[in-house]
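Trainee: Submitted below is the structure of interest, expressed as structure tokens.
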Amino acid sequence: MLNVPPQAFPAPGSQQRAAAGGRTKVPLKPGRSLMDWIRLTKSGKDLTGLKGRLIEVSEDELAKHNKKEDCWICIRGLVYNVTPYMEYHPGGEDELMKAAGTDGTDLFDQVHRWVNYESMLKECLVGRMAFKPIAAPKGMLSEREVLGASARDTTPSYDWFQTDDLITVVIYTKQKGMNAELVIVDCQHKRLRGEIILDDHSYLVEVDLDHEVQDDFAVNIAEKVGKVEIILKKKDHIQWKVLGLPLESHNTLLRRMERGLFYRKCKLVSKTEVTHDTKLFCFMLPKSTHLQVPIGQHVYLKQIIAGTEVVKPYTPLLPFLPLDFKEPFCQDGAHIYLMIKIYSCGLFTQALDHLQIGDDISVSNPEGNFKKSQVEALEDLFLLAAGTGFTPMVKLLNFALAKVDCLRTVKLIFFNKKDDDILWRNQLEQLALKDERFEVQFILSEPAEDWMGKRGKISSALLSECMKRSKKDSKVLICICGPTPFTQQGLQCLEDLGYSQEEMHAFTA
């Protein structure tokens, strides 16, 4: 399913997407929806043009198929004829053509790596790439060997020990500043998976345990020395001879982009109306999961719709907007809250809205490129949001007001179409009354006649009027999130107003 937000694929400046926010769809012809594509793949029609044969494809052969009427793309060594999918791609034909006749794996991973393309394009499979073996220049080391040679002393490791009742797995990250947001643990059906986030890499311990353990476990973190303990409770009081059977990715340090997404089943425990078309969903994590979603990061929800796996990204937020900022509001770690707009013709959101309390849905590990360090020593913070692009701003707002001592100004400029589209309006207005550092400004593009606030869409003139530094040359950060045209226009306006790249952050998904 090649239909999600791009950075390089689609290219920056394309009609589909800027470097952040949500996504816009290119208008599709009638009969070209996702459900129509699913029906076509199940119709028995030959979508590859090879009458069921699988072939080995050379680089030269792949390069020949680089036209809209004859388009092959390679993803992870598998070649697909995406010609019949062209008209069904919500991002438009031009975006697929970015990888036409080439190995599009890197471009795909920047945008779609969480998508189950094997399922979406299985009827379009042409065959495997025939890669030419390339000998490494003499004396050249692989990336992994270089990593081992240069960072051997800082590479994480693990050990384990036991008592009559407990199994303790100890991970030595060798990184200072380790915290709960950087540790993700799942223990399901005797399978233990502990992932440690180390900037753009992750270290993984993954084993099939030798014996059964109880669902609940404890995670202890020694932040200063970077030691993580996963304490499991034995079901039977017996001595284990080994921890378990190591799985394929066990004891590996990889770039996060190379690490496949991991999902666990979460239960829907509540669904609350926020506006006429937006709801707040609360999902409960399993007892066997330790997971905290950092500020500005998103998770992926996965559903099976009409027999096909469909995945979409959403940014978790707090269950409400805290008004007391002595300390950042801490969730219980057992729930994930998502504010989701329900589209009348949206296949995925309609399926979400039809979930009943107690139903399960698959939720991934978090991803994202925002770091708390971007807020440190900040004096002015401006948040530009459109619609549900507001969601990544909630945790950021909470953290900044509670922890950034030198902060003078936080202003949310919230763009919507109509008055009844504004999310959490009462809470935002209460916060503005409670904390003199915070200001919110609502701007409507299709207001009623009696609307007393600002009108219009994002523009350089409007931003220049609404965004004022607390002092000349103050340290400022401007965060932006919303639909693609909004984000593209906003970034261009900020650049035109003289803001540097370091002063801007666009939330990506």
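Just so we're on the same page: first chain in the structure tokens is A, next is B, and so on; residues restart at 1 for each chain, and ligands are numbered from 1 in the order they show up.
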Name all residues at most 7 Å from A:His298 (count only C-alpha atoms; drop same-chain ones fewer than 2 positions away) and give them as number ranges by chain.

Mentor: A: 296, 300, 313-316, 366-368, 509

Trainee: Name the residues of stretch 212-334 of chain A that come out as strand (DSSP E or B) in a backbone DSSP run; write them as a PyMOL selection string.

Mentor: chain A and resi 213-222+227-234+244-246+252-255+263-273+278-284+289-290+298-305+308-314+317

Trainee: Just list the residues in stretch 298-371 of chain A DSSP gives helix (DSSP H, G or I) on the backbone, as a list in words.

Mentor: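 Those residues are Leu347, Phe348, Thr349, Gln350, Ala351, Leu352 and Asp353 of chain A.
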
Trainee: Select, from A:Thr83, A:Gln356, A:Asn369, A:Asn66, the residue with the minimum atom-to-atom distance to A:Phe283, counting only C-alpha atoms.

Mentor: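 Ranked by minimum distance to A:Phe283, first place goes to A:Gln356.
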
Trainee: Would you mind reading off the distance between atom CA of A:Leu247 and atom CA of A:Pro156, one decimal, in Å?

Mentor: 17.3 Å

Trainee: Determine the nearest neighbour of A:Met129 from the options A:Asp236, A:Glu59, A:Glu223, A:Glu502, counting only C-alpha atoms.

Mentor: A:Glu59

Trainee: How far is it from atom CA of A:Leu401 to atom CA of A:Phe438, in Å with one decimal?

Mentor: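 Separation of atom CA of A:Leu401 and atom CA of A:Phe438: 8.3 Å.
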
Trainee: Could I get the residues of stretch 288-344 of chain A with an atom no further than 10 Å from an atom of stretch 270-274 of chain A, each paired with its nearest atom pair and that distance in Å to one decimal, using only C-alpha atoms, sorted by chain and residue number, as a Markdown table?

Mentor:
| residue | atom | partner | partner_atom | distance |
| --- | --- | --- | --- | --- |
| A:Tyr337 | CA | A:Ser270 | CA | 9.5 |
| A:Leu338 | CA | A:Lys271 | CA | 9.7 |
| A:Met339 | CA | A:Val274 | CA | 8.2 |
| A:Ile340 | CA | A:Val274 | CA | 9.3 |
| A:Lys341 | CA | A:Val274 | CA | 9.4 |

Trainee: Contacts of stretch 125-127 of chain A at 7 Å or less, counting only C-alpha atoms, minus same-chain residues fewer than 2 places along, as a list of chain:residue names?

Mentor: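 Here the qualifying residues turn out to be A:Thr48, A:Leu54, A:Ile55, A:Glu56, A:Val57, A:Leu78, A:Val79, A:Tyr80, A:Asn81, A:Leu121, A:Lys122, A:Glu123, A:Met129.
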
Trainee: With N, CA and C atoms kept, could you save the residues just selected as an mmCIF file, in the first residue's frame?

Mentor:
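That gives us out.cif:
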data_model
loop_
_atom_site.group_PDB
_atom_site.id
_atom_site.type_symbol
_atom_site.label_atom_id
_atom_site.label_comp_id
_atom_site.auth_asym_id
_atom_site.auth_seq_id
_atom_site.Cartn_x
_atom_site.Cartn_y
_atom_site.Cartn_z
ATOM 1 N N THR A 48 0.395 -9.000 -13.362
ATOM 2 C CA THR A 48 1.825 -8.879 -13.668
ATOM 3 C C THR A 48 2.094 -8.906 -15.164
ATOM 4 N N LEU A 54 7.020 -16.467 -12.255
ATOM 5 C CA LEU A 54 7.928 -15.616 -11.518
ATOM 6 C C LEU A 54 9.286 -15.668 -12.206
ATOM 7 N N ILE A 55 9.895 -14.532 -12.425
ATOM 8 C CA ILE A 55 11.153 -14.484 -13.157
ATOM 9 C C ILE A 55 12.242 -13.824 -12.320
ATOM 10 N N GLU A 56 13.486 -14.016 -12.740
ATOM 11 C CA GLU A 56 14.611 -13.321 -12.132
ATOM 12 C C GLU A 56 14.881 -12.076 -12.976
ATOM 13 N N VAL A 57 14.955 -10.934 -12.326
ATOM 14 C CA VAL A 57 15.011 -9.662 -13.039
ATOM 15 C C VAL A 57 16.398 -9.038 -12.881
ATOM 16 N N LEU A 78 12.578 -7.712 -4.180
ATOM 17 C CA LEU A 78 11.416 -8.232 -4.902
ATOM 18 C C LEU A 78 10.919 -7.179 -5.894
ATOM 19 N N VAL A 79 10.600 -7.621 -7.087
ATOM 20 C CA VAL A 79 10.181 -6.702 -8.146
ATOM 21 C C VAL A 79 8.667 -6.803 -8.349
ATOM 22 N N TYR A 80 8.014 -5.651 -8.391
ATOM 23 C CA TYR A 80 6.560 -5.592 -8.554
ATOM 24 C C TYR A 80 6.202 -4.776 -9.794
ATOM 25 N N ASN A 81 5.214 -5.243 -10.514
ATOM 26 C CA ASN A 81 4.638 -4.475 -11.616
ATOM 27 C C ASN A 81 3.520 -3.617 -11.030
ATOM 28 N N LEU A 121 0.640 -5.780 -2.612
ATOM 29 C CA LEU A 121 1.099 -5.935 -3.994
ATOM 30 C C LEU A 121 1.411 -7.389 -4.357
ATOM 31 N N LYS A 122 0.908 -8.329 -3.560
ATOM 32 C CA LYS A 122 1.289 -9.723 -3.797
ATOM 33 C C LYS A 122 0.875 -10.219 -5.177
ATOM 34 N N GLU A 123 -0.232 -9.710 -5.717
ATOM 35 C CA GLU A 123 -0.665 -10.147 -7.049
ATOM 36 C C GLU A 123 0.088 -9.420 -8.152
ATOM 37 N N MET A 129 15.113 -9.856 -7.805
ATOM 38 C CA MET A 129 16.227 -9.216 -8.485
ATOM 39 C C MET A 129 17.404 -10.174 -8.568
#

Trainee: Using only C-alpha atoms, which protein or nucleic acid residues come within 12 Å of A:Asp164? Drop anything in the same chain fewer than 4 positions from it, and give the result as a list in words.

Mentor: Thr168, Leu232, Lys233, Lys234, Lys235, Asp236, His237, Ile238, Gln239 and Trp240 of chain A

Trainee: Which is closer to A:Asp159 than all the others in A:Val228, A:Leu253, A:Ile478, A:Met35, using only C-alpha atoms?

Mentor: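 Of all the options, A:Val228 lies closest to A:Asp159.
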
Trainee: Determine, counting only C-alpha atoms, which protein, DNA and RNA residues have an atom within 6 Å of an atom of stretch 379-395 of chain A; residues of the same chain fewer than 4 positions away are not included. Present the result as JSON, numbers by chain.

Mentor: {"A": [295, 296, 315, 317, 406, 407, 408, 409, 410, 411, 412, 413, 414, 415, 416, 475, 476, 477, 478, 479, 480, 481, 482]}

Trainee: For a test of reading the model, state the distance in Å between atom CA of A:Leu494 and atom CA of A:Lys434, rounded to one decimal.

Mentor: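 Going from atom CA of A:Leu494 over to atom CA of A:Lys434, I get 29.2 Å.
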
Trainee: Got a sec: who's within 12 Å of A:Thr349, counting only C-alpha atoms, leaving out chain neighbours fewer than 4 positions off, as number ranges by chain?

Mentor: A: 277-279, 281, 301-303, 305, 310-314, 339-345, 353-355

Trainee: Using C-alpha atoms, can you export the residues from the last selection as a PDB file, in the first residue's frame?

Mentor:
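For reference, selection.pdb as written:
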ATOM      1  CA  ASP A 277     -16.190  14.400  13.576  1.00  0.00           C
ATOM      2  CA  THR A 278     -13.317  13.709  15.985  1.00  0.00           C
ATOM      3  CA  LYS A 279     -13.067  11.204  18.839  1.00  0.00           C
ATOM      4  CA  PHE A 281      -9.755   6.718  21.668  1.00  0.00           C
ATOM      5  CA  LEU A 301      -2.374   1.196  14.126  1.00  0.00           C
ATOM      6  CA  LYS A 302      -2.871  -1.961  12.076  1.00  0.00           C
ATOM      7  CA  GLN A 303      -6.195  -3.489  11.066  1.00  0.00           C
ATOM      8  CA  ILE A 305      -9.849  -4.838   6.356  1.00  0.00           C
ATOM      9  CA  VAL A 310      -3.965  -1.680   6.468  1.00  0.00           C
ATOM     10  CA  VAL A 311      -1.754   0.576   8.619  1.00  0.00           C
ATOM     11  CA  LYS A 312      -1.981   4.266   9.580  1.00  0.00           C
ATOM     12  CA  PRO A 313       0.139   6.550  11.835  1.00  0.00           C
ATOM     13  CA  TYR A 314      -1.281   8.552  14.766  1.00  0.00           C
ATOM     14  CA  MET A 339      -7.428  11.811  18.897  1.00  0.00           C
ATOM     15  CA  ILE A 340      -8.690  10.717  15.483  1.00  0.00           C
ATOM     16  CA  LYS A 341     -10.840  12.447  12.896  1.00  0.00           C
ATOM     17  CA  ILE A 342     -13.454  10.079  11.446  1.00  0.00           C
ATOM     18  CA  TYR A 343     -13.852  10.530   7.693  1.00  0.00           C
ATOM     19  CA  SER A 344     -17.207   9.600   6.193  1.00  0.00           C
ATOM     20  CA  CYS A 345     -15.472   7.912   3.256  1.00  0.00           C
ATOM     21  CA  ASP A 353     -15.106   3.982  14.694  1.00  0.00           C
ATOM     22  CA  HIS A 354     -16.909   0.644  14.495  1.00  0.00           C
ATOM     23  CA  LEU A 355     -14.618  -0.954  17.089  1.00  0.00           C
TER      24      LEU A 355
END

Trainee: Within 8 Å of stretch 185-191 of chain A, counting only C-alpha atoms, which residues qualify if same-chain residues fewer than 4 places away don't, as a count of residues only?

Mentor: 14

Trainee: Looking at only C-alpha atoms, which of A:Gln214, A:Ser202, A:Asn398, A:Gln492 is the one that sits closest to A:Leu166?

Mentor: A:Gln214

Trainee: Point out the residue among A:Met504, A:Leu204, A:Val375, A:Met86 with the least atom-to-atom distance to A:Leu182, counting only C-alpha atoms.

Mentor: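 Among A:Met504, A:Leu204, A:Val375, A:Met86, it is A:Leu204 that comes nearest to A:Leu182.
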